file upload-v7.txt (compact mmCIF, C-alpha atoms)
# COMPACT_ATOMS: atom_id res chain seq x y z
CA MET A 1 12.80 -24.82 -0.91
CA LEU A 2 13.60 -22.32 1.85
CA ASP A 3 12.68 -19.52 -0.55
CA GLN A 4 9.25 -21.09 -1.08
CA VAL A 5 8.61 -21.57 2.64
CA ILE A 6 9.54 -17.96 3.41
CA PHE A 7 7.46 -16.61 0.52
CA TYR A 8 4.31 -18.55 1.42
CA PHE A 9 4.70 -17.71 5.12
CA PHE A 10 4.89 -13.96 4.53
CA ALA A 11 2.33 -14.00 1.71
CA ALA A 12 -0.21 -15.79 3.92
CA ILE A 13 0.35 -13.30 6.75
CA ALA A 14 0.05 -10.36 4.33
CA VAL A 15 -3.19 -11.54 2.72
CA ILE A 16 -4.89 -12.59 5.97
CA SER A 17 -4.02 -9.35 7.74
CA ALA A 18 -5.11 -7.34 4.69
CA ILE A 19 -8.52 -9.07 4.78
CA LEU A 20 -8.81 -8.40 8.51
CA THR A 21 -7.82 -4.75 7.93
CA VAL A 22 -10.80 -4.07 5.69
CA THR A 23 -13.32 -6.13 7.70
CA ARG A 24 -12.70 -5.28 11.38
CA ARG A 25 -15.26 -3.03 13.05
CA ASN A 26 -12.81 -1.30 15.38
CA VAL A 27 -10.51 1.13 13.55
CA VAL A 28 -7.62 0.50 15.95
CA HIS A 29 -7.75 -3.23 15.12
CA SER A 30 -7.67 -2.31 11.43
CA ALA A 31 -4.54 -0.24 12.05
CA ILE A 32 -2.84 -3.11 13.94
CA PHE A 33 -3.60 -5.59 11.14
CA LEU A 34 -2.38 -3.08 8.56
CA ILE A 35 0.92 -2.94 10.47
CA THR A 36 1.29 -6.74 10.29
CA ALA A 37 0.44 -6.67 6.57
CA LEU A 38 3.14 -4.05 5.96
CA LEU A 39 5.68 -6.02 8.02
CA ALA A 40 4.89 -9.17 6.02
CA THR A 41 5.44 -7.16 2.83
CA ALA A 42 8.81 -6.11 4.24
CA GLY A 43 9.58 -9.82 4.63
CA ILE A 44 8.70 -10.36 0.96
CA PHE A 45 11.11 -7.54 0.05
CA LEU A 46 13.85 -9.27 2.04
CA GLN A 47 13.11 -12.54 0.27
CA LEU A 48 13.51 -10.63 -3.01
CA ARG A 49 16.98 -9.44 -1.86
CA ALA A 50 15.88 -5.79 -1.56
CA GLU A 51 17.48 -5.15 1.84
CA PHE A 52 17.36 -1.36 1.63
CA LEU A 53 13.63 -1.31 0.86
CA PHE A 54 13.06 -3.80 3.69
CA ILE A 55 14.56 -1.35 6.20
CA VAL A 56 12.81 1.66 4.61
CA GLN A 57 9.47 -0.16 4.71
CA ILE A 58 9.79 -0.89 8.43
CA ILE A 59 11.12 2.53 9.45
CA LEU A 60 8.93 4.69 7.22
CA TYR A 61 5.67 2.77 6.92
CA VAL A 62 5.43 1.00 10.24
CA GLY A 63 7.34 3.59 12.26
CA GLY A 64 6.12 6.76 10.58
CA ILE A 65 2.88 6.51 8.65
CA MET A 66 1.16 4.10 11.02
CA VAL A 67 1.97 6.27 14.06
CA LEU A 68 0.29 9.14 12.19
CA PHE A 69 -2.78 6.96 11.59
CA VAL A 70 -3.01 5.91 15.24
CA PHE A 71 -2.71 9.55 16.35
CA VAL A 72 -5.58 10.59 14.07
CA ILE A 73 -7.70 7.67 15.28
CA MET A 74 -7.17 8.98 18.81
CA LEU A 75 -8.19 12.52 17.77
CA VAL A 76 -11.51 11.55 16.18
CA ASN A 77 -13.95 9.89 18.55
CA LEU A 78 -13.91 6.15 18.21
CA ASP A 79 -16.67 5.07 20.59
CA VAL A 80 -19.38 6.33 18.25
CA ALA A 81 -17.76 4.82 15.18
CA VAL A 82 -17.65 1.32 16.72
CA ARG A 83 -21.43 1.21 17.03
CA GLN A 84 -22.11 2.46 13.50
CA LEU A 85 -22.63 0.46 10.32
CA ARG A 86 -19.30 -0.73 8.93
CA PHE A 87 -20.05 -0.93 5.24
CA ALA A 88 -21.62 1.56 2.87
CA ARG A 89 -24.99 0.92 1.24
CA GLN A 90 -23.52 0.00 -2.15
CA LYS A 91 -21.38 -2.78 -0.69
CA TRP A 92 -22.76 -5.73 -2.70
CA VAL A 93 -22.47 -3.97 -6.06
CA ALA A 94 -18.98 -2.78 -5.10
CA LEU A 95 -17.91 -6.26 -4.02
CA LEU A 96 -19.23 -7.78 -7.25
CA ILE A 97 -17.37 -5.27 -9.43
CA SER A 98 -14.14 -5.71 -7.44
CA LEU A 99 -14.31 -9.49 -7.77
CA ALA A 100 -15.00 -9.15 -11.51
CA LEU A 101 -11.86 -7.00 -11.78
CA ALA A 102 -9.91 -9.60 -9.79
CA ALA A 103 -11.14 -12.42 -12.04
CA GLN A 104 -10.21 -10.44 -15.14
CA VAL A 105 -6.66 -9.60 -14.08
CA GLY A 106 -6.16 -13.04 -12.56
CA LEU A 107 -7.22 -14.71 -15.80
CA MET A 108 -4.82 -12.49 -17.72
CA LEU A 109 -1.93 -13.41 -15.41
CA TRP A 110 -2.91 -17.08 -15.46
CA SER A 111 -2.89 -17.26 -19.24
CA THR A 112 0.57 -15.67 -19.37
CA GLY A 113 2.94 -17.84 -21.35
CA LYS A 114 0.19 -20.34 -22.17
CA MET A 115 -0.86 -18.44 -25.27
CA PRO A 116 1.74 -17.21 -27.75
CA GLY A 117 2.41 -13.48 -27.87
CA GLN A 118 0.39 -12.60 -24.76
CA GLY A 119 1.17 -11.32 -21.29
CA VAL A 120 4.57 -10.73 -19.69
CA PRO A 121 7.49 -12.81 -20.99
CA VAL A 122 8.47 -15.71 -18.71
CA LEU A 123 12.16 -15.33 -17.96
CA ALA A 124 14.56 -16.94 -15.53
CA ALA A 125 15.59 -14.59 -12.73
CA VAL A 126 19.12 -13.26 -12.47
CA PRO A 127 21.04 -15.58 -10.08
CA ALA A 128 21.39 -14.23 -6.56
CA ASP A 129 25.21 -14.10 -6.59
CA LYS A 130 25.16 -11.91 -9.72
CA LEU A 131 23.22 -9.13 -8.00
CA PRO A 132 25.09 -5.96 -7.00
CA LEU A 133 25.28 -4.91 -3.35
CA ASN A 134 21.80 -3.60 -2.68
CA SER A 135 22.10 -0.26 -0.83
CA GLU A 136 25.08 0.68 -2.96
CA ALA A 137 23.27 -0.03 -6.21
CA VAL A 138 20.09 1.76 -5.05
CA ALA A 139 22.10 4.82 -3.99
CA LYS A 140 23.96 4.90 -7.29
CA SER A 141 20.75 4.64 -9.31
CA LEU A 142 18.94 7.17 -7.09
CA PHE A 143 21.63 9.84 -7.18
CA GLU A 144 22.81 9.40 -10.75
CA THR A 145 19.99 8.29 -13.05
CA TYR A 146 17.04 9.47 -10.97
CA LEU A 147 18.45 12.63 -9.39
CA LEU A 148 15.76 14.95 -10.76
CA PRO A 149 12.81 12.77 -9.61
CA PHE A 150 14.54 12.55 -6.22
CA GLU A 151 14.62 16.35 -5.92
CA ILE A 152 11.01 16.60 -7.07
CA ALA A 153 10.06 14.03 -4.40
CA SER A 154 11.70 16.23 -1.75
CA VAL A 155 9.69 19.23 -2.96
CA LEU A 156 6.55 17.06 -2.86
CA LEU A 157 7.27 16.11 0.76
CA LEU A 158 7.77 19.79 1.67
CA VAL A 159 4.46 20.73 0.04
CA ALA A 160 2.71 17.85 1.81
CA MET A 161 4.17 18.95 5.14
CA ILE A 162 2.97 22.54 4.70
CA GLY A 163 -0.40 21.28 3.49
CA ALA A 164 -0.85 19.00 6.49
CA VAL A 165 0.04 21.80 8.92
CA VAL A 166 -2.37 24.24 7.23
CA MET A 167 -5.16 21.63 7.15
CA ALA A 168 -4.82 20.54 10.78
CA LYS A 169 -4.37 24.09 12.12
CA LYS A 170 -7.18 25.57 14.21
CA ARG A 171 -9.07 28.17 12.26
CA THR A 172 -8.91 31.55 13.99
CA MET B 1 13.52 -16.42 -6.50
CA LEU B 2 10.17 -18.07 -7.22
CA PRO B 3 8.54 -17.67 -10.65
CA ILE B 4 7.31 -14.12 -11.16
CA GLY B 5 3.66 -15.20 -11.22
CA HIS B 6 3.67 -15.89 -7.46
CA TYR B 7 4.57 -12.29 -6.72
CA LEU B 8 2.12 -10.93 -9.28
CA PHE B 9 -0.73 -12.93 -7.75
CA LEU B 10 0.22 -11.77 -4.24
CA GLY B 11 0.23 -8.19 -5.51
CA LEU B 12 -3.12 -8.75 -7.23
CA ALA B 13 -4.65 -10.20 -4.04
CA LEU B 14 -3.49 -7.25 -1.90
CA PHE B 15 -4.61 -4.78 -4.58
CA ILE B 16 -8.11 -6.26 -4.82
CA ILE B 17 -8.49 -6.40 -1.03
CA GLY B 18 -7.48 -2.72 -0.96
CA VAL B 19 -9.99 -1.85 -3.69
CA ILE B 20 -12.75 -3.70 -1.81
CA GLY B 21 -11.83 -1.72 1.30
CA VAL B 22 -11.97 1.58 -0.59
CA VAL B 23 -15.35 0.96 -2.21
CA THR B 24 -17.20 -0.75 0.66
CA ARG B 25 -16.10 0.82 3.94
CA ARG B 26 -17.75 3.94 5.39
CA ASN B 27 -14.98 5.13 7.70
CA VAL B 28 -12.60 7.48 5.87
CA ILE B 29 -9.61 6.41 7.99
CA VAL B 30 -10.09 2.78 6.91
CA ILE B 31 -10.38 3.96 3.29
CA LEU B 32 -6.99 5.71 3.61
CA MET B 33 -5.52 2.51 5.10
CA SER B 34 -6.88 0.55 2.12
CA ILE B 35 -5.12 3.01 -0.19
CA GLU B 36 -1.88 2.23 1.66
CA LEU B 37 -2.55 -1.47 0.95
CA ILE B 38 -2.99 -0.72 -2.76
CA LEU B 39 0.30 1.22 -2.93
CA ASN B 40 1.98 -1.65 -1.11
CA ALA B 41 0.74 -4.13 -3.72
CA VAL B 42 2.26 -1.95 -6.44
CA ASN B 43 5.56 -1.96 -4.55
CA ILE B 44 5.59 -5.77 -4.45
CA ASN B 45 5.20 -5.89 -8.24
CA LEU B 46 7.96 -3.32 -8.78
CA VAL B 47 10.43 -5.09 -6.50
CA ALA B 48 9.61 -8.50 -8.01
CA PHE B 49 10.34 -7.23 -11.53
CA SER B 50 13.45 -5.46 -10.25
CA ARG B 51 14.68 -8.82 -8.91
CA LEU B 52 13.69 -10.61 -12.13
CA TYR B 53 15.72 -8.33 -14.35
CA GLY B 54 18.53 -7.69 -11.84
CA ASP B 55 17.98 -3.94 -12.23
CA VAL B 56 17.53 -1.67 -9.19
CA ALA B 57 15.40 0.91 -11.04
CA GLY B 58 12.26 -0.85 -9.80
CA GLN B 59 13.40 -0.48 -6.21
CA VAL B 60 14.09 3.22 -6.75
CA PHE B 61 10.55 3.65 -8.04
CA ALA B 62 9.25 1.74 -5.02
CA LEU B 63 11.10 4.28 -2.85
CA PHE B 64 9.35 7.12 -4.70
CA ILE B 65 6.00 5.41 -4.12
CA ILE B 66 6.74 5.14 -0.39
CA ALA B 67 7.56 8.88 -0.27
CA ASP B 68 4.33 9.56 -2.15
CA ALA B 69 2.36 7.39 0.31
CA ALA B 70 3.83 9.35 3.21
CA ALA B 71 2.81 12.67 1.62
CA GLU B 72 -0.66 11.34 0.82
CA ALA B 73 -1.19 10.03 4.36
CA ALA B 74 -0.08 13.33 5.92
CA VAL B 75 -2.36 15.50 3.75
CA GLY B 76 -5.27 13.04 3.88
CA LEU B 77 -5.22 12.77 7.64
CA GLY B 78 -4.95 16.57 7.91
CA ILE B 79 -8.08 16.87 5.77
CA ILE B 80 -9.85 14.28 7.95
CA ILE B 81 -9.01 16.26 11.11
CA ALA B 82 -10.20 19.52 9.54
CA PHE B 83 -13.42 17.87 8.35
CA PHE B 84 -14.04 16.22 11.70
CA ARG B 85 -13.65 19.59 13.43
CA ASN B 86 -16.33 21.10 11.19
CA ARG B 87 -18.86 18.27 10.79
CA GLU B 88 -18.19 15.86 13.71
CA THR B 89 -18.09 12.81 11.42
CA VAL B 90 -15.57 10.55 9.67
CA LEU B 91 -18.13 8.62 7.61
CA GLU B 92 -17.88 9.11 3.87
CA ASP B 93 -21.62 8.92 3.12
CA GLU B 94 -22.24 11.80 5.51
CA MET B 95 -19.78 13.97 3.56
CA ASP B 96 -22.45 15.26 1.17
CA LEU B 97 -21.82 19.02 1.08
CA LEU B 98 -21.63 19.01 -2.73
CA LYS B 99 -24.78 16.89 -3.14
CA TRP B 100 -28.20 18.40 -3.84

call {"tool": "encode", "arguments": {"input": "upload-v7.txt", "output": "structure tokens"}}
result
Amino acid sequence: MLDQVIFYFFAAIAVISAILTVTRRNVVHSAIFLITALLATAGIFLQLRAEFLFIVQIILYVGGIMVLFVFVIMLVNLDVAVRQLRFARQKWVALLISLALAAQVGLMLWSTGKMPGQGVPVLAAVPADKLPLNSEAVAKSLFETYLLPFEIASVLLLVAMIGAVVMAKKRT
Amino acid sequence: MLPIGHYLFLGLALFIIGVIGVVTRRNVIVILMSIELILNAVNINLVAFSRLYGDVAGQVFALFIIADAAAEAAVGLGIIIAFFRNRETVLEDEMDLLKW
């Protein structure tokens, strides 16, 4: 019961703020609503007993990436952008195709388990007291099974850092 | 944990809202934010399946996706700054240098 209340609370916040993110005229408002959407997603992670990801989501997404976004919004001039047209010219076609995609995937998920041999198998979740301690288990998996992808991710971050510095540098 | 379908539908809703943002908005910064929403929806699915099977591999992959999102945001915003310095615009339909 409590699980359901928490899930629907955070899911409602996430979906509503996501809708506001893509529809607000002011880019700063979009950024604020994106922050609440990401925080609500962090709440979903906590409800799924992924404590480590919950902390990482708040520190990295909300504390890191969103600060970067707000800085860039300050650098490009906002006053002009507020008065301009929000949506591109192809918006109705784009909306129609997106909703068709949504209907397709939603129908596929909805029919899961109703027709034999289709969709993901419907299983009972592992009980909560059988789960290993979260940060410990994540660290073990990250540094034993997925050590090579971890190192590659660090190289990727280094490349991205150099790329961002080169891109944002003033051309002489 | 609720049945897995709840989480899949939440992920689908966030994904579709992100796709609508990418294909309909003109401002490139909002398009990048919509991409963050899409990656977030993927993370919800991964963590939900990780919880369903009691296996932390899904959470590790979600961590990799977060690192990837950070890299993508840094490079993307750098490109936006460089483009804004040259063309004085952040609207995607005015970025038509390759069009003839």

call {"tool": "closest_residue", "arguments": {"input": "upload-v7.txt", "among": "A:Ala42, A:Val165, A:Met74, A:Met1", "to": "Leu60 of chain A", "atoms": "all atoms listed in the file"}}
result
A:Ala42

call {"tool": "atom_distance", "arguments": {"input": "upload-v7.txt", "atom1": "atom CA of Val23 of chain B", "atom2": "atom CA of Arg25 of chain A"}}
result
15.8 Å

call {"tool": "atom_distance", "arguments": {"input": "upload-v7.txt", "atom1": "atom CA of Phe10 of chain A", "atom2": "atom CA of Asn43 of chain B"}}
result
15.1 Å

call {"tool": "residues_around", "arguments": {"input": "upload-v7.txt", "residues": "segment 66-71 of chain B", "least_positions_apart": "2", "cutoff": "6 Å", "atoms": "only C-alpha atoms", "output": "number ranges by chain"}}
result
A: 157, 160; B: 63-64, 73-74

call {"tool": "write_last_selection", "arguments": {"input": "upload-v7.txt", "atoms": "C-alpha atoms", "output": "compact mmCIF listing (two decimals), keeping the file's coordinate frame"}}
result
# COMPACT_ATOMS: atom_id res chain seq x y z
CA LEU A 157 7.27 16.11 0.76
CA ALA A 160 2.71 17.85 1.81
CA LEU B 63 11.10 4.28 -2.85
CA PHE B 64 9.35 7.12 -4.70
CA ALA B 73 -1.19 10.03 4.36
CA ALA B 74 -0.08 13.33 5.92

call {"tool": "closest_residue", "arguments": {"input": "upload-v7.txt", "among": "A:Ala11, A:Leu2, A:Leu46, A:Leu148", "to": "chain B", "atoms": "only C-alpha atoms"}}
result
A:Ala11

call {"tool": "closest_residue", "arguments": {"input": "upload-v7.txt", "among": "A:Met66, A:Asp3, A:Ile162, A:Ile55", "to": "Leu34 of chain A", "atoms": "only C-alpha atoms"}}
result
A:Met66

call {"tool": "residues_near_point", "arguments": {"input": "upload-v7.txt", "point": "(6.7, -3.7, -3.6)", "cutoff": "10 Å", "atoms": "all atoms listed in the file", "output": "mmCIF file with C-alpha atoms, in the coordinates of the input"}}
result
data_model
loop_
_atom_site.group_PDB
_atom_site.id
_atom_site.type_symbol
_atom_site.label_atom_id
_atom_site.label_comp_id
_atom_site.auth_asym_id
_atom_site.auth_seq_id
_atom_site.Cartn_x
_atom_site.Cartn_y
_atom_site.Cartn_z
ATOM 1 C CA THR A 41 5.440 -7.160 2.830
ATOM 2 C CA ALA A 42 8.810 -6.110 4.240
ATOM 3 C CA ILE A 44 8.700 -10.360 0.960
ATOM 4 C CA PHE A 45 11.110 -7.540 0.050
ATOM 5 C CA LEU A 48 13.510 -10.630 -3.010
ATOM 6 C CA ALA A 50 15.880 -5.790 -1.560
ATOM 7 C CA LEU A 53 13.630 -1.310 0.860
ATOM 8 C CA PHE A 54 13.060 -3.800 3.690
ATOM 9 C CA GLN A 57 9.470 -0.160 4.710
ATOM 10 C CA TYR B 7 4.570 -12.290 -6.720
ATOM 11 C CA GLY B 11 0.230 -8.190 -5.510
ATOM 12 C CA LEU B 39 0.300 1.220 -2.930
ATOM 13 C CA ASN B 40 1.980 -1.650 -1.110
ATOM 14 C CA ALA B 41 0.740 -4.130 -3.720
ATOM 15 C CA VAL B 42 2.260 -1.950 -6.440
ATOM 16 C CA ASN B 43 5.560 -1.960 -4.550
ATOM 17 C CA ILE B 44 5.590 -5.770 -4.450
ATOM 18 C CA ASN B 45 5.200 -5.890 -8.240
ATOM 19 C CA LEU B 46 7.960 -3.320 -8.780
ATOM 20 C CA VAL B 47 10.430 -5.090 -6.500
ATOM 21 C CA ALA B 48 9.610 -8.500 -8.010
ATOM 22 C CA PHE B 49 10.340 -7.230 -11.530
ATOM 23 C CA SER B 50 13.450 -5.460 -10.250
ATOM 24 C CA GLY B 58 12.260 -0.850 -9.800
ATOM 25 C CA GLN B 59 13.400 -0.480 -6.210
ATOM 26 C CA PHE B 61 10.550 3.650 -8.040
ATOM 27 C CA ALA B 62 9.250 1.740 -5.020
ATOM 28 C CA LEU B 63 11.100 4.280 -2.850
ATOM 29 C CA ILE B 65 6.000 5.410 -4.120
ATOM 30 C CA ILE B 66 6.740 5.140 -0.390
#

call {"tool": "atom_distance", "arguments": {"input": "upload-v7.txt", "atom1": "atom CA of Ser30 of chain A", "atom2": "atom CA of Gly78 of chain B"}}
result
19.4 Å

call {"tool": "interface_residues", "arguments": {"input": "upload-v7.txt", "of": "chain A", "to": "chain B", "cutoff": "7 Å", "atoms": "all atoms listed in the file", "output": "short mmCIF file (atom, residue, chain, number, x, y, z; two decimals) with C-alpha atoms, in the frame of the given file"}}
result
data_model
loop_
_atom_site.label_atom_id
_atom_site.label_comp_id
_atom_site.auth_asym_id
_atom_site.auth_seq_id
_atom_site.Cartn_x
_atom_site.Cartn_y
_atom_site.Cartn_z
CA ASP A 3 12.68 -19.52 -0.55
CA GLN A 4 9.25 -21.09 -1.08
CA ALA A 11 2.33 -14.00 1.71
CA VAL A 15 -3.19 -11.54 2.72
CA ALA A 18 -5.11 -7.34 4.69
CA ILE A 19 -8.52 -9.07 4.78
CA VAL A 22 -10.80 -4.07 5.69
CA VAL A 27 -10.51 1.13 13.55
CA LEU A 48 13.51 -10.63 -3.01
CA ILE A 65 2.88 6.51 8.65
CA VAL A 72 -5.58 10.59 14.07
CA VAL A 76 -11.51 11.55 16.18
CA ARG A 86 -19.30 -0.73 8.93
CA PHE A 87 -20.05 -0.93 5.24
CA ALA A 88 -21.62 1.56 2.87
CA GLN A 90 -23.52 0.00 -2.15
CA LYS A 91 -21.38 -2.78 -0.69
CA ALA A 94 -18.98 -2.78 -5.10
CA LEU A 95 -17.91 -6.26 -4.02
CA SER A 98 -14.14 -5.71 -7.44
CA ALA A 102 -9.91 -9.60 -9.79
CA ALA A 125 15.59 -14.59 -12.73
CA VAL A 126 19.12 -13.26 -12.47
CA LEU A 131 23.22 -9.13 -8.00
CA ALA A 137 23.27 -0.03 -6.21
CA VAL A 138 20.09 1.76 -5.05
CA SER A 141 20.75 4.64 -9.31
CA LEU A 142 18.94 7.17 -7.09
CA ALA A 153 10.06 14.03 -4.40
CA LEU A 157 7.27 16.11 0.76
CA ALA A 160 2.71 17.85 1.81
CA GLY A 163 -0.40 21.28 3.49
CA ALA A 164 -0.85 19.00 6.49
CA MET A 167 -5.16 21.63 7.15
CA ALA A 168 -4.82 20.54 10.78
#

call {"tool": "residues_around", "arguments": {"input": "upload-v7.txt", "residues": "Ala139 of chain A", "least_positions_apart": "4", "cutoff": "10 Å", "atoms": "all atoms listed in the file", "output": "list in words"}}
result
Phe52, Asn134, Ser135, Phe143, Glu144, Thr145 and Tyr146 of chain A; Val56 and Val60 of chain B

call {"tool": "axis_aligned_box", "arguments": {"input": "upload-v7.txt", "around": "segment 49-56 of chain A", "padding_each_side": "3 Å", "output": "AutoDock Vina command-line options"}}
result
--center_x 15.1 --center_y -3.9 --center_z 2.2 --size_x 10.7 --size_y 17.1 --size_z 14.1

call {"tool": "decode", "arguments": {"input": "upload-v7.txt", "residues": "segment 31-60 of chain B", "atoms": "N, CA and C atoms", "output": "compact mmCIF listing (two decimals), in the first residue's frame"}}
result
# COMPACT_ATOMS: atom_id res chain seq x y z
N ILE B 31 15.99 21.00 -26.47
CA ILE B 31 16.15 19.69 -27.11
C ILE B 31 17.13 18.83 -26.32
N LEU B 32 18.24 19.43 -25.86
CA LEU B 32 19.20 18.67 -25.04
C LEU B 32 18.55 18.21 -23.74
N MET B 33 17.72 19.09 -23.13
CA MET B 33 17.02 18.70 -21.89
C MET B 33 16.08 17.52 -22.15
N SER B 34 15.41 17.52 -23.33
CA SER B 34 14.52 16.41 -23.66
C SER B 34 15.31 15.12 -23.81
N ILE B 35 16.56 15.23 -24.33
CA ILE B 35 17.38 14.03 -24.44
C ILE B 35 17.71 13.50 -23.04
N GLU B 36 17.95 14.40 -22.09
CA GLU B 36 18.17 13.96 -20.71
C GLU B 36 16.94 13.21 -20.18
N LEU B 37 15.74 13.70 -20.53
CA LEU B 37 14.51 13.00 -20.11
C LEU B 37 14.46 11.60 -20.69
N ILE B 38 14.85 11.46 -21.97
CA ILE B 38 14.82 10.14 -22.62
C ILE B 38 15.76 9.18 -21.91
N LEU B 39 16.99 9.65 -21.61
CA LEU B 39 17.97 8.79 -20.94
C LEU B 39 17.47 8.39 -19.56
N ASN B 40 16.76 9.33 -18.91
CA ASN B 40 16.20 9.05 -17.60
C ASN B 40 15.15 7.96 -17.65
N ALA B 41 14.32 7.98 -18.71
CA ALA B 41 13.30 6.95 -18.87
C ALA B 41 13.95 5.58 -19.02
N VAL B 42 15.06 5.53 -19.77
CA VAL B 42 15.78 4.27 -19.93
C VAL B 42 16.29 3.78 -18.58
N ASN B 43 16.79 4.72 -17.76
CA ASN B 43 17.29 4.35 -16.44
C ASN B 43 16.20 3.73 -15.58
N ILE B 44 14.98 4.30 -15.65
CA ILE B 44 13.87 3.74 -14.86
C ILE B 44 13.63 2.29 -15.25
N ASN B 45 13.62 2.01 -16.56
CA ASN B 45 13.41 0.63 -17.01
C ASN B 45 14.51 -0.29 -16.50
N LEU B 46 15.76 0.16 -16.61
CA LEU B 46 16.89 -0.69 -16.18
C LEU B 46 16.80 -1.00 -14.70
N VAL B 47 16.51 0.03 -13.88
CA VAL B 47 16.47 -0.19 -12.44
C VAL B 47 15.28 -1.07 -12.06
N ALA B 48 14.14 -0.90 -12.77
CA ALA B 48 12.97 -1.72 -12.47
C ALA B 48 13.27 -3.19 -12.75
N PHE B 49 13.93 -3.48 -13.89
CA PHE B 49 14.25 -4.88 -14.18
C PHE B 49 15.32 -5.41 -13.23
N SER B 50 16.24 -4.53 -12.82
CA SER B 50 17.25 -4.93 -11.85
C SER B 50 16.59 -5.36 -10.54
N ARG B 51 15.55 -4.60 -10.12
CA ARG B 51 14.83 -4.95 -8.90
C ARG B 51 14.02 -6.24 -9.09
N LEU B 52 13.45 -6.40 -10.31
CA LEU B 52 12.62 -7.58 -10.57
C LEU B 52 13.43 -8.86 -10.46
N TYR B 53 14.64 -8.83 -11.03
CA TYR B 53 15.44 -10.05 -11.03
C TYR B 53 16.40 -10.12 -9.85
N GLY B 54 16.44 -9.08 -8.99
CA GLY B 54 17.35 -9.09 -7.86
C GLY B 54 18.81 -9.11 -8.27
N ASP B 55 19.12 -8.48 -9.42
CA ASP B 55 20.48 -8.50 -9.96
C ASP B 55 20.91 -7.05 -10.14
N VAL B 56 22.10 -6.67 -9.63
CA VAL B 56 22.48 -5.26 -9.68
C VAL B 56 23.07 -4.84 -11.02
N ALA B 57 23.19 -5.77 -11.98
CA ALA B 57 23.79 -5.40 -13.27
C ALA B 57 23.04 -4.25 -13.92
N GLY B 58 21.71 -4.24 -13.79
CA GLY B 58 20.92 -3.16 -14.36
C GLY B 58 21.29 -1.82 -13.76
N GLN B 59 21.54 -1.79 -12.46
CA GLN B 59 21.92 -0.53 -11.83
C GLN B 59 23.29 -0.07 -12.30
N VAL B 60 24.20 -1.03 -12.53
CA VAL B 60 25.53 -0.66 -13.04
C VAL B 60 25.39 -0.02 -14.42
